[in-house]
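Content type mmCIF, C-alpha atoms and all ligand atoms, from the file start28.cif:
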```cif
data_input
#
loop_
_atom_site.group_PDB
_atom_site.id
_atom_site.type_symbol
_atom_site.label_atom_id
_atom_site.label_comp_id
_atom_site.auth_asym_id
_atom_site.auth_seq_id
_atom_site.Cartn_x
_atom_site.Cartn_y
_atom_site.Cartn_z
ATOM 1 C CA MET A 253 13.389 10.267 -9.062
ATOM 2 C CA ARG A 254 14.275 9.774 -5.449
ATOM 3 C CA ALA A 255 17.731 10.732 -4.292
ATOM 4 C CA GLY A 256 20.007 7.845 -3.535
ATOM 5 C CA LEU A 257 18.316 5.276 -5.747
ATOM 6 C CA LEU A 258 20.864 5.623 -8.531
ATOM 7 C CA GLU A 259 23.679 5.261 -5.975
ATOM 8 C CA ILE A 260 22.027 2.103 -4.645
ATOM 9 C CA PHE A 261 22.034 0.591 -8.141
ATOM 10 C CA GLN A 262 25.619 1.704 -8.784
ATOM 11 C CA GLU A 263 26.883 0.229 -5.516
ATOM 12 C CA THR A 264 25.011 -3.007 -6.116
ATOM 13 C CA TYR A 265 26.467 -3.187 -9.631
ATOM 14 C CA ARG A 266 29.996 -2.822 -8.264
ATOM 15 C CA GLU A 267 29.370 -5.532 -5.685
ATOM 16 C CA LEU A 268 28.157 -7.951 -8.354
ATOM 17 C CA ARG A 269 30.658 -7.061 -11.064
ATOM 18 C CA ALA A 270 33.858 -5.945 -9.395
ATOM 19 C CA GLY A 271 36.245 -4.603 -12.010
ATOM 20 C CA ALA A 272 33.666 -4.212 -14.789
ATOM 21 C CA SER A 273 33.105 -0.658 -15.926
ATOM 22 C CA LEU A 274 29.979 0.942 -14.621
ATOM 23 C CA PRO A 275 27.373 1.503 -17.343
ATOM 24 C CA GLU A 276 25.000 4.437 -17.445
ATOM 25 C CA ILE A 277 21.897 3.534 -15.466
ATOM 26 C CA LYS A 278 18.493 5.102 -15.994
ATOM 27 C CA ILE A 279 15.764 4.458 -13.437
ATOM 28 C CA ASP A 280 12.101 5.351 -13.790
ATOM 29 C CA PHE A 281 9.024 4.623 -11.776
ATOM 30 C CA PHE A 282 6.027 3.350 -13.666
ATOM 31 C CA ALA A 283 2.443 2.925 -12.670
ATOM 32 C CA PHE A 284 2.103 -0.807 -13.050
ATOM 33 C CA ALA A 285 -1.218 -2.213 -11.873
ATOM 34 C CA ASN A 286 0.767 -5.108 -10.404
ATOM 35 C CA VAL A 287 4.029 -4.878 -8.531
ATOM 36 C CA ASN A 288 6.373 -5.279 -11.451
ATOM 37 C CA ASN A 289 9.998 -4.314 -12.000
ATOM 38 C CA THR A 290 12.072 -4.726 -15.127
ATOM 39 C CA ILE A 291 15.643 -4.246 -16.268
ATOM 40 C CA ARG A 292 17.189 -4.344 -19.726
ATOM 41 C CA LEU A 293 20.395 -3.401 -21.426
ATOM 42 C CA ARG A 294 20.170 -1.195 -24.496
ATOM 43 C CA ASN A 295 23.180 0.318 -26.257
ATOM 44 C CA GLY A 296 25.316 -0.327 -23.206
ATOM 45 C CA LYS A 297 22.843 1.512 -20.998
ATOM 46 C CA LEU A 298 20.892 -0.174 -18.194
ATOM 47 C CA LEU A 299 17.229 0.757 -18.209
ATOM 48 C CA VAL A 300 15.429 0.046 -14.968
ATOM 49 C CA ARG A 301 11.687 0.366 -14.485
ATOM 50 C CA LEU A 302 10.327 0.106 -10.991
ATOM 51 C CA SER A 303 6.693 -0.092 -10.005
ATOM 52 C CA ASP A 304 5.488 3.136 -8.428
ATOM 53 C CA LEU A 305 4.231 0.914 -5.620
ATOM 54 C CA LEU A 306 7.868 0.761 -4.476
ATOM 55 C CA GLU A 307 8.281 4.523 -4.359
ATOM 56 C CA GLY A 308 7.908 4.740 -0.597
ATOM 57 C CA ALA A 309 9.853 1.543 0.112
ATOM 58 C CA PRO A 310 12.636 1.598 2.730
ATOM 59 C CA GLU A 311 16.219 1.635 1.513
ATOM 60 C CA THR A 312 16.831 -2.016 2.464
ATOM 61 C CA VAL A 313 14.003 -3.043 0.130
ATOM 62 C CA LEU A 314 15.349 -0.870 -2.689
ATOM 63 C CA ARG A 315 18.785 -2.476 -2.196
ATOM 64 C CA ALA A 316 17.115 -5.873 -2.385
ATOM 65 C CA ILE A 317 15.311 -5.085 -5.651
ATOM 66 C CA ALA A 318 18.527 -3.603 -7.133
ATOM 67 C CA HIS A 319 20.365 -6.814 -6.220
ATOM 68 C CA ILE A 320 17.663 -9.064 -7.662
ATOM 69 C CA LEU A 321 17.376 -7.173 -10.951
ATOM 70 C CA LEU A 322 21.123 -6.873 -11.495
ATOM 71 C CA ALA A 323 21.791 -10.491 -10.479
ATOM 72 C CA LYS A 324 19.185 -11.642 -13.020
ATOM 73 C CA MET A 325 20.595 -9.341 -15.677
ATOM 74 C CA TYR A 326 24.121 -10.715 -15.235
ATOM 75 C CA ARG A 327 23.111 -14.301 -14.405
ATOM 76 C CA ARG A 328 24.491 -14.241 -10.894
ATOM 77 C CA PRO A 329 22.888 -16.193 -8.059
ATOM 78 C CA VAL A 330 20.276 -14.174 -6.226
ATOM 79 C CA ASN A 331 21.111 -13.818 -2.542
ATOM 80 C CA ARG A 332 18.399 -15.594 -0.557
ATOM 81 C CA GLY A 333 18.296 -12.956 2.151
ATOM 82 C CA GLN A 334 17.695 -10.228 -0.413
ATOM 83 C CA ALA A 335 15.028 -12.263 -2.190
ATOM 84 C CA ALA A 336 13.267 -12.897 1.141
ATOM 85 C CA ARG A 337 13.487 -9.249 2.112
ATOM 86 C CA TYR A 338 11.867 -8.171 -1.163
ATOM 87 C CA ARG A 339 9.156 -10.854 -0.992
ATOM 88 C CA ARG A 340 8.308 -9.905 2.579
ATOM 89 C CA TYR A 341 7.841 -6.313 1.615
ATOM 90 C CA VAL A 342 5.762 -7.006 -1.481
ATOM 91 C CA GLY A 343 3.695 -9.611 0.314
ATOM 92 C CA SER A 344 3.000 -7.337 3.230
ATOM 93 C CA HIS A 345 -0.522 -6.269 3.849
ATOM 94 C CA GLU A 346 0.031 -2.703 2.852
ATOM 95 C CA ILE A 347 1.538 -3.402 -0.537
ATOM 96 C CA VAL A 348 -1.093 -6.005 -1.370
ATOM 97 C CA ARG A 349 -3.751 -3.547 -0.425
ATOM 98 C CA LYS A 350 -2.175 -0.700 -2.302
ATOM 99 C CA ALA A 351 -1.846 -2.831 -5.418
ATOM 100 C CA HIS A 352 -5.538 -3.578 -5.187
ATOM 101 C CA LEU A 353 -6.366 0.030 -4.575
ATOM 102 C CA VAL A 354 -4.450 1.069 -7.665
ATOM 103 C CA ARG A 355 -6.110 -1.644 -9.716
ATOM 104 C CA GLN A 356 -9.508 -0.566 -8.485
ATOM 105 C CA MET A 357 -8.912 3.093 -9.092
ATOM 106 C CA ARG A 358 -7.803 2.375 -12.618
ATOM 107 C CA GLY A 359 -10.882 0.271 -13.111
ATOM 108 C CA ARG A 360 -14.504 1.151 -12.862
ATOM 109 C CA LYS A 361 -16.011 2.309 -9.621
ATOM 110 C CA LEU A 362 -19.354 1.067 -8.386
ATOM 111 C CA LEU A 363 -20.522 2.342 -5.051
ATOM 112 C CA ARG A 364 -23.099 0.576 -2.900
ATOM 113 C CA PRO A 365 -25.361 1.984 -0.199
ATOM 114 C CA ALA A 366 -23.832 2.648 3.219
ATOM 115 C CA ARG A 367 -26.531 0.670 4.996
ATOM 116 C CA GLY A 368 -25.724 -3.026 4.956
ATOM 117 C CA HIS A 369 -27.643 -5.961 6.440
ATOM 118 C CA PHE A 370 -26.136 -5.503 9.901
ATOM 119 C CA TYR A 371 -24.080 -2.365 9.934
ATOM 120 C CA ASP A 372 -24.643 1.156 8.683
ATOM 121 C CA LEU A 373 -21.370 2.724 7.548
ATOM 122 C CA ASP A 374 -22.725 6.290 7.686
ATOM 123 C CA ALA A 375 -23.643 5.807 11.342
ATOM 124 C CA ILE A 376 -20.245 4.294 12.145
ATOM 125 C CA PHE A 377 -18.511 7.165 10.390
ATOM 126 C CA GLU A 378 -20.449 9.730 12.411
ATOM 127 C CA GLU A 379 -19.774 7.977 15.726
ATOM 128 C CA LEU A 380 -16.045 7.860 15.001
ATOM 129 C CA ASN A 381 -16.157 11.421 13.712
ATOM 130 C CA ALA A 382 -17.666 12.635 16.983
ATOM 131 C CA HIS A 383 -15.394 10.514 19.150
ATOM 132 C CA PHE A 384 -12.023 11.009 17.485
ATOM 133 C CA PHE A 385 -12.288 14.034 15.193
ATOM 134 C CA HIS A 386 -14.498 16.493 17.098
ATOM 135 C CA GLY A 387 -17.139 15.916 14.408
ATOM 136 C CA LEU A 388 -15.063 18.002 12.021
ATOM 137 C CA MET A 389 -14.672 15.532 9.202
ATOM 138 C CA ALA A 390 -16.905 15.852 6.153
ATOM 139 C CA ARG A 391 -18.397 12.470 5.413
ATOM 140 C CA PRO A 392 -17.359 10.991 2.072
ATOM 141 C CA ARG A 393 -19.462 8.439 0.221
ATOM 142 C CA MET A 394 -19.497 5.346 2.408
ATOM 143 C CA SER A 395 -19.900 2.091 0.525
ATOM 144 C CA TRP A 396 -19.707 -1.634 1.068
ATOM 145 C CA SER A 397 -17.545 -3.415 -1.499
ATOM 146 C CA GLN A 398 -19.125 -5.191 -4.438
ATOM 147 C CA THR A 399 -17.578 -8.510 -3.563
ATOM 148 C CA ARG A 400 -16.777 -10.266 -0.285
ATOM 149 C CA THR A 401 -13.073 -9.531 -0.498
ATOM 150 C CA ARG A 402 -10.637 -10.579 2.223
ATOM 151 C CA ARG A 403 -7.701 -8.964 0.514
ATOM 152 C CA ILE A 404 -8.765 -5.329 0.592
ATOM 153 C CA LEU A 405 -10.389 -4.789 3.932
ATOM 154 C CA GLY A 406 -11.070 -1.173 3.195
ATOM 155 C CA HIS A 407 -9.762 1.719 1.203
ATOM 156 C CA TYR A 408 -10.222 5.416 0.766
ATOM 157 C CA ASP A 409 -10.592 6.458 -2.835
ATOM 158 C CA PRO A 410 -9.693 10.147 -3.189
ATOM 159 C CA ALA A 411 -10.767 10.240 -6.851
ATOM 160 C CA HIS A 412 -14.338 9.418 -5.862
ATOM 161 C CA ASN A 413 -14.130 10.741 -2.303
ATOM 162 C CA ALA A 414 -15.392 7.411 -1.082
ATOM 163 C CA ILE A 415 -14.532 4.957 1.671
ATOM 164 C CA ILE A 416 -15.176 1.399 0.574
ATOM 165 C CA ILE A 417 -15.283 -1.335 3.208
ATOM 166 C CA SER A 418 -15.204 -5.041 2.454
ATOM 167 C CA ARG A 419 -18.630 -6.639 2.631
ATOM 168 C CA ILE A 420 -17.234 -9.441 4.814
ATOM 169 C CA PHE A 421 -17.546 -7.108 7.804
ATOM 170 C CA ASP A 422 -21.296 -6.694 7.349
ATOM 171 C CA HIS A 423 -21.891 -9.782 9.437
ATOM 172 C CA PRO A 424 -23.112 -10.440 12.998
ATOM 173 C CA ALA A 425 -19.961 -12.458 13.804
ATOM 174 C CA VAL A 426 -17.887 -9.321 13.296
ATOM 175 C CA PRO A 427 -17.611 -7.239 16.470
ATOM 176 C CA ALA A 428 -18.500 -3.583 15.972
ATOM 177 C CA PHE A 429 -15.073 -2.436 17.202
ATOM 178 C CA VAL A 430 -13.326 -4.398 14.448
ATOM 179 C CA LEU A 431 -15.384 -2.704 11.759
ATOM 180 C CA GLU A 432 -14.868 0.629 13.521
ATOM 181 C CA TYR A 433 -11.125 0.057 13.479
ATOM 182 C CA ILE A 434 -11.168 -0.507 9.707
ATOM 183 C CA VAL A 435 -13.288 2.602 9.118
ATOM 184 C CA TYR A 436 -11.087 4.600 11.512
ATOM 185 C CA HIS A 437 -7.995 3.637 9.496
ATOM 186 C CA GLU A 438 -9.631 4.855 6.282
ATOM 187 C CA MET A 439 -10.731 8.071 7.978
ATOM 188 C CA LEU A 440 -7.091 8.693 8.848
ATOM 189 C CA HIS A 441 -6.358 8.463 5.127
ATOM 190 C CA LEU A 442 -8.870 11.276 4.642
ATOM 191 C CA LYS A 443 -7.193 13.305 7.341
ATOM 192 C CA HIS A 444 -3.629 12.572 6.186
ATOM 193 C CA PRO A 445 -3.783 12.694 2.401
ATOM 194 C CA VAL A 446 -1.043 10.875 0.508
ATOM 195 C CA ARG A 447 1.444 13.574 -0.274
ATOM 196 C CA LEU A 448 4.711 13.778 -2.074
ATOM 197 C CA ARG A 449 7.682 14.511 0.141
ATOM 198 C CA GLY A 450 10.466 15.211 -2.295
ATOM 199 C CA SER A 451 9.620 12.530 -4.792
ATOM 200 C CA ARG A 452 8.794 10.063 -2.080
ATOM 201 C CA ARG A 453 5.183 9.034 -1.601
ATOM 202 C CA CYS A 454 4.276 8.760 2.052
ATOM 203 C CA VAL A 455 1.246 6.587 2.599
ATOM 204 C CA HIS A 456 1.263 5.945 6.351
ATOM 205 C CA SER A 457 3.202 8.892 7.742
ATOM 206 C CA ALA A 458 4.530 8.962 11.286
ATOM 207 C CA ASP A 459 1.586 11.218 12.238
ATOM 208 C CA PHE A 460 -0.820 8.755 10.673
ATOM 209 C CA GLN A 461 0.661 5.844 12.595
ATOM 210 C CA ALA A 462 0.708 7.719 15.874
ATOM 211 C CA GLU A 463 -2.938 8.619 15.475
ATOM 212 C CA GLU A 464 -3.872 5.075 14.534
ATOM 213 C CA LYS A 465 -2.509 3.929 17.890
ATOM 214 C CA LEU A 466 -5.137 6.092 19.615
ATOM 215 C CA PHE A 467 -7.802 3.537 18.718
ATOM 216 C CA PRO A 468 -8.356 1.834 22.071
ATOM 217 C CA ARG A 469 -8.804 -1.775 20.935
ATOM 218 C CA ALA A 470 -6.371 -1.781 18.014
ATOM 219 C CA THR A 471 -4.434 -4.823 19.250
ATOM 220 C CA GLU A 472 -7.604 -6.842 19.746
ATOM 221 C CA ALA A 473 -8.946 -5.727 16.358
ATOM 222 C CA ASN A 474 -5.704 -6.730 14.651
ATOM 223 C CA ALA A 475 -5.819 -10.133 16.329
ATOM 224 C CA PHE A 476 -9.350 -10.642 14.968
ATOM 225 C CA LEU A 477 -8.274 -9.551 11.472
ATOM 226 C CA LYS A 478 -5.371 -12.026 11.491
ATOM 227 C CA ARG A 479 -7.841 -14.855 11.959
ATOM 228 C CA LEU A 480 -10.034 -13.829 8.994
HETATM 229 ZN ZN ZN B 501 -3.807 2.506 4.954
#
```

Structure re-expressed in structure tokens:
Amino acid sequence: MRAGLLEIFQETYRELRAGASLPEIKIDFFAFANVNNTIRLRNGKLLVRLSDLLEGAPETVLRAIAHILLAKMYRRPVNRGQAARYRRYVGSHEIVRKAHLVRQMRGRKLLRPARGHFYDLDAIFEELNAHFFHGLMARPRMSWSQTRTRRILGHYDPAHNAIIISRIFDHPAVPAFVLEYIVYHEMLHLKHPVRLRGSRRCVHSADFQAEEKLFPRATEANAFLKRL
């Protein structure tokens, strides 16, 4: 369990229930396929289960979820700022995508050929490999997604060593640099594997983010993606 999380729950408890004695609190992370957090009271002990999708969340978000769970438990009004902060985090692109990734990895995997109707993912990988990685990266299985999903634009699946890119990008209206940007992002996941730092999962490390900024038309690509 990550350091500080118990203290966050204890402090939040004291804020909500000044004067009440502090119960024992047990917090575990669980691999929920959906972002899901629960709290219950058993034999005077508070049992908290947090989705492992929140493991890398910033402290402000963990304070927000502690507030929401404890306020619900003790029927106190939920602070609107805290609720908004939590919703923003969960609704953010990364969490949505990660939730989908987890769901997909726990489900069945069907890979499609790299060559689509308009774009060839193997070719794009090799161009990016030469341009950004000195050609040093071993190419994983490159696959278009089964469905035309707008919610997971791409993901790297370490279990299958595969990069899967949403089929919506295999279209002449999609500029090559936008697709390249998506593939580049997934290649950075290959280069910077998700690792545990303490008990904290770091998905987009500082190194990852710095390297992502090296993509020359990132701002333009992001603007295109926002309009999808
Ligand atoms: Zn990512």

Inset, instruction - Kindly provide, as a PyMOL selection string, all nucleotide and amino acid residues lying within 7 Å of ligand ZN 501 (chain B), counting only C-alpha atoms and all ligand atoms. - result: chain A and resi 346+437-438+441+455-456

Inset, instruction - Take atom CA of A:Leu302 and atom CA of A:Thr401 and report the distance between them in Å, one decimal. - result: 27.4 Å

Inset, instruction - Determine the residue membership of the PyMOL selection byres (((chain A and resi 419-427) around 7) and not hetatm) for the file above and supply it as a list in words. - result: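 When the PyMOL selection byres (((chain A and resi 419-427) around 7) and not hetatm) is applied to the shown file, the picked residues are Gly368, His369, Phe370, Tyr371, Trp396, Ser397, Thr399, Arg400, Thr401, Ile417, Ser418, Ala428, Phe429, Val430 and Leu431 of chain A.
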
Inset, instruction - Name the residues that the PyMOL selection byres (((chain A and resi 271-280) around 9) and not hetatm) pulls out of this structure, and write them as a PyMOL selection string. - result: chain A and resi 253+257-258+261-262+265-266+269-270+281-282+296-304

Legend entry - Two-atom distance - atom CA of A:Arg367, atom CA of A:Gly387 (Å):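 Computing the Euclidean distance for atom CA of A:Arg367 and atom CA of A:Gly387 yields 20.2 Å.
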
Legend entry - Option closest in space to A:Leu388, from A:Leu477, A:Met439, A:Ala283, A:Glu311 [counting all atoms listed in the file]: A:Met439
